[in-house]
Amino acid sequence: MHRILPSAAPFPRVTRMQSNQRPIPAVYARGGTSRAVIFQRSALPADQDQWKAIFQSVLGSPDPESKQLDGMGGGITSLSKIAVLSPSSRSDADVDYLFVQIEPTNGEMLLDANCGNISSVVGPFAVDEGWVKPDAHGDAVVRIYNENTGKIIVSQFSLRDEPEARIAIAGVSGRAAPIMLRFEDPEGSAGRGGFPSGARAQKLELCNGGSVQATLIDVNVPCALVLAEDVGIVGDETYAALSENKDFVALMTEIRVAGALAMGLCGTAQEARTTLLNVPDVVVVSAPRTARGHLTARFVSCDRPHRAAPVTSSMALAAASRIPGTVAARLLLTPPRGSITIEHPSGTVEVAVELGDGDRVVATSTVRTARRIMQGEVLVG
């Protein structure tokens, strides 16, 4: 994503097809295993109440069939995202970053959580736009203030063209320059601490009359961690198999709703079902399948199984595995000295966890890649 040419001149205004649309400068980019349309805040209306209609038009939602054919969305939650960026006035940050999830089917604008994958786009974007200057060696450090969580993310990367340094990440074809992301002080992204319910593990009573043992943790994002054997799966199922398993998907929704209530994220089950659709993530954990892995996980975000591994909930899982008493720690009997390797449907992801006194999570880190795919103007009806 680095060393991008300056924005090209706008295309000639063609006419009838665009007569009822207006152009807004934008960038289309991949960050990790997600894609998003990136806007500078200055290009958007000052009245944020207008943003929802703009973002829906850009991505092609609401769409009852979840195809988003009339926009730039990809029909699934990991490809239906927006980032709004601006230079920061804060003393501890270079860039302010607001993440927006647009639910593909109903078009809801969800602001309750950050996207770790899209966070990898922000640092290179800031350098490309001239907001942050690299050092004399072509190395850049960008401090990012995430407005969704009130947390700081440090993005480090090189702008030097070194093919031997390029890496591949699971779920993305090809290789690209690595981007190190360090999420500082990640506990309590929703403002209720690392364990919002006050317990490291608990019996979670579901609205359907059932129950499940769960760890409710908030490290970068609220998550409900459950064991695969407790929710009727083996734990290494494919994305397609889980997506087609209607009973499993329904159970994940019940766990998310109960988790949201127990974590104090909302006041009623109805609110969790209709408004607060994106938190907590549900993470189904089991033992690793290979000698390289430490845990196997299947992630469910916005009530849909994920094709790979969301960065923020991977960090929550990795942190939980290092803290005694959680359901994840039961599977990680001997925590490694280095990173936690999590096996997921597309491969593996490695997450480093720094713990302080009393098992406080000081920081979590991982490596991603990103690419600026397109730049110019998006037309909004």
# chains A, B, ... in the order shown; residues from 1 in each chain; ligands from 1

call {"tool": "closest_atom_pairs", "arguments": {"of": "range 76-179 of chain A", "to": "range 281-305 of chain A", "cutoff": "9 Å", "atoms": "only C-alpha atoms", "output": "JSON lines"}}
result
{"residue": "A:Ile76", "atom": "CA", "partner": "A:Arg304", "partner_atom": "CA", "distance": 8.6}
{"residue": "A:Thr77", "atom": "CA", "partner": "A:Cys302", "partner_atom": "CA", "distance": 7.5}
{"residue": "A:Glu103", "atom": "CA", "partner": "A:Cys302", "partner_atom": "CA", "distance": 8.0}

call {"tool": "closest_atom_pairs", "arguments": {"of": "range 57-111 of chain A", "to": "range 256-277 of chain A", "cutoff": "10 Å", "atoms": "only C-alpha atoms", "output": "CSV"}}
result
residue,atom,partner,partner_atom,distance
A:Glu103,CA,A:Leu277,CA,8.5
A:Glu108,CA,A:Thr275,CA,7.9
A:Met109,CA,A:Thr275,CA,9.3
A:Leu110,CA,A:Leu277,CA,7.5
A:Leu111,CA,A:Leu276,CA,9.2

call {"tool": "write_last_selection", "arguments": {"atoms": "all heavy atoms", "output": "PDB file, in the first residue's frame"}}
result
ATOM      1  N   GLU A 103     -24.092  -3.113   7.839  1.00  0.00           N
ATOM      2  CA  GLU A 103     -24.638  -4.468   7.745  1.00  0.00           C
ATOM      3  C   GLU A 103     -25.204  -4.643   6.329  1.00  0.00           C
ATOM      4  O   GLU A 103     -26.042  -3.858   5.896  1.00  0.00           O
ATOM      5  CB  GLU A 103     -25.731  -4.655   8.799  1.00  0.00           C
ATOM      6  CG  GLU A 103     -25.910  -6.070   9.292  1.00  0.00           C
ATOM      7  CD  GLU A 103     -26.523  -7.003   8.251  1.00  0.00           C
ATOM      8  OE1 GLU A 103     -27.345  -6.535   7.460  1.00  0.00           O
ATOM      9  OE2 GLU A 103     -26.185  -8.199   8.255  1.00  0.00           O
ATOM     10  N   GLU A 108     -27.818  -1.262   8.426  1.00  0.00           N
ATOM     11  CA  GLU A 108     -27.553  -0.574   9.685  1.00  0.00           C
ATOM     12  C   GLU A 108     -26.096  -0.107   9.758  1.00  0.00           C
ATOM     13  O   GLU A 108     -25.178  -0.801   9.310  1.00  0.00           O
ATOM     14  CB  GLU A 108     -27.860  -1.482  10.875  1.00  0.00           C
ATOM     15  CG  GLU A 108     -29.336  -1.603  11.185  1.00  0.00           C
ATOM     16  CD  GLU A 108     -29.982  -0.267  11.528  1.00  0.00           C
ATOM     17  OE1 GLU A 108     -29.403   0.482  12.341  1.00  0.00           O
ATOM     18  OE2 GLU A 108     -31.051   0.037  10.977  1.00  0.00           O
ATOM     19  N   MET A 109     -25.884   1.079  10.313  1.00  0.00           N
ATOM     20  CA  MET A 109     -24.548   1.633  10.508  1.00  0.00           C
ATOM     21  C   MET A 109     -24.118   1.335  11.939  1.00  0.00           C
ATOM     22  O   MET A 109     -24.701   1.862  12.885  1.00  0.00           O
ATOM     23  CB  MET A 109     -24.550   3.138  10.234  1.00  0.00           C
ATOM     24  CG  MET A 109     -23.174   3.753  10.262  1.00  0.00           C
ATOM     25  SD  MET A 109     -23.127   5.468   9.642  1.00  0.00           S
ATOM     26  CE  MET A 109     -23.672   6.355  11.097  1.00  0.00           C
ATOM     27  N   LEU A 110     -23.101   0.495  12.079  1.00  0.00           N
ATOM     28  CA  LEU A 110     -22.683   0.004  13.384  1.00  0.00           C
ATOM     29  C   LEU A 110     -21.349   0.633  13.760  1.00  0.00           C
ATOM     30  O   LEU A 110     -20.363   0.523  13.022  1.00  0.00           O
ATOM     31  CB  LEU A 110     -22.568  -1.528  13.357  1.00  0.00           C
ATOM     32  CG  LEU A 110     -23.827  -2.254  12.851  1.00  0.00           C
ATOM     33  CD1 LEU A 110     -23.565  -3.750  12.721  1.00  0.00           C
ATOM     34  CD2 LEU A 110     -25.003  -1.994  13.778  1.00  0.00           C
ATOM     35  N   LEU A 111     -21.306   1.277  14.929  1.00  0.00           N
ATOM     36  CA  LEU A 111     -20.129   2.028  15.361  1.00  0.00           C
ATOM     37  C   LEU A 111     -19.556   1.517  16.681  1.00  0.00           C
ATOM     38  O   LEU A 111     -18.674   2.160  17.253  1.00  0.00           O
ATOM     39  CB  LEU A 111     -20.496   3.516  15.531  1.00  0.00           C
ATOM     40  CG  LEU A 111     -21.085   4.221  14.313  1.00  0.00           C
ATOM     41  CD1 LEU A 111     -21.530   5.624  14.699  1.00  0.00           C
ATOM     42  CD2 LEU A 111     -20.083   4.279  13.185  1.00  0.00           C
TER      43      LEU A 111
END

call {"tool": "closest_residue", "arguments": {"among": "A:Gly188, A:Gly60, A:Gly75, A:Gly31", "to": "Gly123 in chain A", "atoms": "only C-alpha atoms"}}
result
A:Gly31

call {"tool": "select_by_dssp", "arguments": {"residues": "range 191-366 of chain A", "states": "strand (DSSP E or B)", "output": "NGL selection string"}}
result
:A and (202-205 or 211-219 or 222-227 or 281-286 or 295-301 or 304-305 or 340-344 or 347-355 or 361-366)

call {"tool": "closest_residue", "arguments": {"among": "A:Ser86, A:Thr366, A:Thr105, A:Ser211", "to": "Gly73 in chain A", "atoms": "only C-alpha atoms"}}
result
A:Thr105

call {"tool": "select_by_dssp", "arguments": {"residues": "range 91-275 of chain A", "states": "helix (DSSP H, G or I)", "output": "NGL selection string"}}
result
:A and (116-128 or 163-165 or 228-231 or 239-244 or 246-262 or 269-274)

call {"tool": "write_last_selection", "arguments": {"atoms": "N, CA and C atoms", "output": "tab-separated table (two decimals), in the first residue's frame"}}
result
chain	number	residue	atom	x	y	z
A	116	GLY	N	-9.79	-4.43	13.37
A	116	GLY	CA	-8.34	-4.52	13.40
A	116	GLY	C	-7.71	-4.63	12.03
A	117	ASN	N	-8.37	-5.36	11.13
A	117	ASN	CA	-7.83	-5.50	9.78
A	117	ASN	C	-7.77	-4.15	9.06
A	118	ILE	N	-8.86	-3.40	9.11
A	118	ILE	CA	-8.87	-2.10	8.45
A	118	ILE	C	-7.93	-1.12	9.15
A	119	SER	N	-7.63	-1.34	10.41
A	119	SER	CA	-6.65	-0.50	11.10
A	119	SER	C	-5.30	-0.51	10.38
A	120	SER	N	-5.00	-1.60	9.67
A	120	SER	CA	-3.71	-1.68	8.98
A	120	SER	C	-3.62	-0.73	7.80
A	121	VAL	N	-4.74	-0.25	7.30
A	121	VAL	CA	-4.76	0.70	6.18
A	121	VAL	C	-4.38	2.11	6.64
A	122	VAL	N	-4.66	2.43	7.88
A	122	VAL	CA	-4.64	3.82	8.34
A	122	VAL	C	-3.25	4.44	8.29
A	123	GLY	N	-2.25	3.73	8.80
A	123	GLY	CA	-0.90	4.28	8.80
A	123	GLY	C	-0.37	4.59	7.41
A	124	PRO	N	-0.38	3.62	6.50
A	124	PRO	CA	0.06	3.91	5.13
A	124	PRO	C	-0.75	5.02	4.46
A	125	PHE	N	-2.06	5.08	4.72
A	125	PHE	CA	-2.88	6.15	4.16
A	125	PHE	C	-2.36	7.51	4.64
A	126	ALA	N	-2.07	7.61	5.92
A	126	ALA	CA	-1.59	8.88	6.48
A	126	ALA	C	-0.28	9.31	5.83
A	127	VAL	N	0.59	8.36	5.56
A	127	VAL	CA	1.85	8.69	4.89
A	127	VAL	C	1.60	9.08	3.44
A	128	ASP	N	0.76	8.30	2.76
A	128	ASP	CA	0.43	8.61	1.36
A	128	ASP	C	-0.14	10.01	1.21
A	163	PRO	N	11.61	-6.62	-1.78
A	163	PRO	CA	10.80	-7.80	-2.08
A	163	PRO	C	11.02	-8.94	-1.09
A	164	GLU	N	12.25	-9.07	-0.59
A	164	GLU	CA	12.54	-10.18	0.34
A	164	GLU	C	11.85	-9.99	1.68
A	165	ALA	N	11.38	-8.78	1.96
A	165	ALA	CA	10.71	-8.51	3.24
A	165	ALA	C	9.21	-8.72	3.15
A	228	ALA	N	-15.81	-25.43	21.64
A	228	ALA	CA	-16.50	-26.08	20.52
A	228	ALA	C	-17.39	-27.23	21.00
A	229	GLU	N	-16.89	-28.01	21.92
A	229	GLU	CA	-17.64	-29.18	22.38
A	229	GLU	C	-18.93	-28.78	23.10
A	230	ASP	N	-18.97	-27.55	23.62
A	230	ASP	CA	-20.16	-27.08	24.33
A	230	ASP	C	-21.23	-26.52	23.41
A	231	VAL	N	-20.87	-26.30	22.13
A	231	VAL	CA	-21.86	-25.74	21.19
A	231	VAL	C	-22.11	-26.70	20.02
A	239	TYR	N	-15.64	-22.83	6.78
A	239	TYR	CA	-16.55	-21.68	6.76
A	239	TYR	C	-17.88	-22.06	6.13
A	240	ALA	N	-17.84	-22.77	5.01
A	240	ALA	CA	-19.07	-23.15	4.32
A	240	ALA	C	-19.94	-24.05	5.18
A	241	ALA	N	-19.31	-25.00	5.85
A	241	ALA	CA	-20.08	-25.93	6.69
A	241	ALA	C	-20.78	-25.19	7.82
A	242	LEU	N	-20.10	-24.25	8.45
A	242	LEU	CA	-20.72	-23.51	9.54
A	242	LEU	C	-21.80	-22.57	9.03
A	243	SER	N	-21.56	-21.96	7.88
A	243	SER	CA	-22.55	-21.03	7.32
A	243	SER	C	-23.85	-21.75	6.98
A	244	GLU	N	-23.74	-23.00	6.56
A	244	GLU	CA	-24.91	-23.78	6.17
A	244	GLU	C	-25.61	-24.44	7.36
A	246	LYS	N	-27.70	-24.07	10.11
A	246	LYS	CA	-28.63	-23.09	10.63
A	246	LYS	C	-28.76	-23.16	12.15
A	247	ASP	N	-28.69	-24.38	12.70
A	247	ASP	CA	-28.79	-24.51	14.16
A	247	ASP	C	-27.59	-23.85	14.84
A	248	PHE	N	-26.42	-24.04	14.25
A	248	PHE	CA	-25.21	-23.43	14.81
A	248	PHE	C	-25.30	-21.91	14.76
A	249	VAL	N	-25.68	-21.38	13.60
A	249	VAL	CA	-25.78	-19.93	13.45
A	249	VAL	C	-26.80	-19.36	14.43
A	250	ALA	N	-27.93	-20.04	14.59
A	250	ALA	CA	-28.96	-19.57	15.53
A	250	ALA	C	-28.43	-19.57	16.96
A	251	LEU	N	-27.66	-20.60	17.31
A	251	LEU	CA	-27.09	-20.67	18.66
A	251	LEU	C	-26.08	-19.55	18.87
A	252	MET	N	-25.29	-19.23	17.84
A	252	MET	CA	-24.33	-18.14	17.97
A	252	MET	C	-25.04	-16.81	18.25
A	253	THR	N	-26.19	-16.62	17.62
A	253	THR	CA	-26.96	-15.41	17.88
A	253	THR	C	-27.43	-15.38	19.32
A	254	GLU	N	-27.91	-16.51	19.83
A	254	GLU	CA	-28.37	-16.56	21.23
A	254	GLU	C	-27.22	-16.26	22.19
A	255	ILE	N	-26.03	-16.77	21.88
A	255	ILE	CA	-24.87	-16.51	22.73
A	255	ILE	C	-24.48	-15.04	22.66
A	256	ARG	N	-24.51	-14.47	21.47
A	256	ARG	CA	-24.18	-13.04	21.33
A	256	ARG	C	-25.16	-12.18	22.12
A	257	VAL	N	-26.44	-12.47	22.01
A	257	VAL	CA	-27.46	-11.68	22.70
A	257	VAL	C	-27.28	-11.80	24.22
A	258	ALA	N	-27.11	-13.02	24.69
A	258	ALA	CA	-26.92	-13.21	26.13
A	258	ALA	C	-25.62	-12.56	26.60
A	259	GLY	N	-24.58	-12.65	25.78
A	259	GLY	CA	-23.31	-12.02	26.13
A	259	GLY	C	-23.42	-10.51	26.20
A	260	ALA	N	-24.14	-9.92	25.25
A	260	ALA	CA	-24.32	-8.47	25.25
A	260	ALA	C	-25.02	-8.01	26.53
A	261	LEU	N	-26.03	-8.77	26.96
A	261	LEU	CA	-26.75	-8.43	28.19
A	261	LEU	C	-25.85	-8.58	29.42
A	262	ALA	N	-25.13	-9.69	29.49
A	262	ALA	CA	-24.29	-9.95	30.65
A	262	ALA	C	-23.13	-8.98	30.75
A	269	ALA	N	-32.80	-7.77	25.38
A	269	ALA	CA	-32.49	-8.73	24.32
A	269	ALA	C	-32.95	-8.20	22.97
A	270	GLN	N	-34.07	-7.48	22.95
A	270	GLN	CA	-34.57	-6.91	21.70
A	270	GLN	C	-33.56	-5.93	21.11
A	271	GLU	N	-32.95	-5.12	21.95
A	271	GLU	CA	-31.93	-4.18	21.48
A	271	GLU	C	-30.74	-4.92	20.89
A	272	ALA	N	-30.34	-6.02	21.53
A	272	ALA	CA	-29.22	-6.80	21.02
A	272	ALA	C	-29.55	-7.45	19.68
A	273	ARG	N	-30.81	-7.82	19.50
A	273	ARG	CA	-31.21	-8.50	18.25
A	273	ARG	C	-31.43	-7.52	17.09
A	274	THR	N	-31.75	-6.29	17.39
A	274	THR	CA	-32.15	-5.37	16.31
A	274	THR	C	-31.23	-4.18	16.11

call {"tool": "residues_around", "arguments": {"residues": "Met180 in chain A", "least_positions_apart": "4", "cutoff": "7 Å", "atoms": "only C-alpha atoms", "output": "VMD selection string"}}
result
chain A and resid 155 to 157 366 to 368

call {"tool": "write_last_selection", "arguments": {"atoms": "N, CA and C atoms", "output": "tab-separated table (two decimals), in the first residue's frame"}}
result
chain	number	residue	atom	x	y	z
A	155	SER	N	1.09	1.95	14.39
A	155	SER	CA	1.35	1.26	13.12
A	155	SER	C	2.79	1.55	12.70
A	156	GLN	N	3.56	0.49	12.45
A	156	GLN	CA	4.95	0.62	12.04
A	156	GLN	C	5.16	-0.14	10.73
A	157	PHE	N	5.85	0.50	9.77
A	157	PHE	CA	6.09	-0.15	8.48
A	157	PHE	C	7.20	0.59	7.76
A	366	THR	N	0.09	-7.68	16.28
A	366	THR	CA	0.09	-8.64	15.18
A	366	THR	C	0.63	-7.95	13.94
A	367	VAL	N	0.81	-8.71	12.86
A	367	VAL	CA	1.32	-8.19	11.60
A	367	VAL	C	0.28	-8.40	10.52
A	368	ARG	N	0.02	-7.38	9.75
A	368	ARG	CA	-0.93	-7.43	8.64
A	368	ARG	C	-0.27	-6.88	7.37

call {"tool": "atom_distance", "arguments": {"atom1": "CA of Gln101 in chain A", "atom2": "CA of Ala363 in chain A"}}
result
24.2 Å

call {"tool": "residues_around", "arguments": {"residues": "range 220-222 of chain A", "least_positions_apart": "2", "cutoff": "9 Å", "atoms": "only C-alpha atoms", "output": "JSON, numbers by chain"}}
result
{"A": [112, 113, 114, 115, 116, 149, 151, 183, 185, 186, 187, 188, 189, 190, 194, 196, 216, 217, 218, 224, 259, 260, 263, 265, 279, 280, 281, 282, 312, 313, 315, 316, 364]}

call {"tool": "closest_residue", "arguments": {"among": "A:Asn208, A:Gln213, A:Ser91, A:Gln375", "to": "Phe39 in chain A", "atoms": "only C-alpha atoms"}}
result
A:Gln375

call {"tool": "closest_residue", "arguments": {"among": "A:Ile342, A:Gly381, A:Arg372, A:Arg322", "to": "Gly356 in chain A", "atoms": "only C-alpha atoms"}}
result
A:Arg322
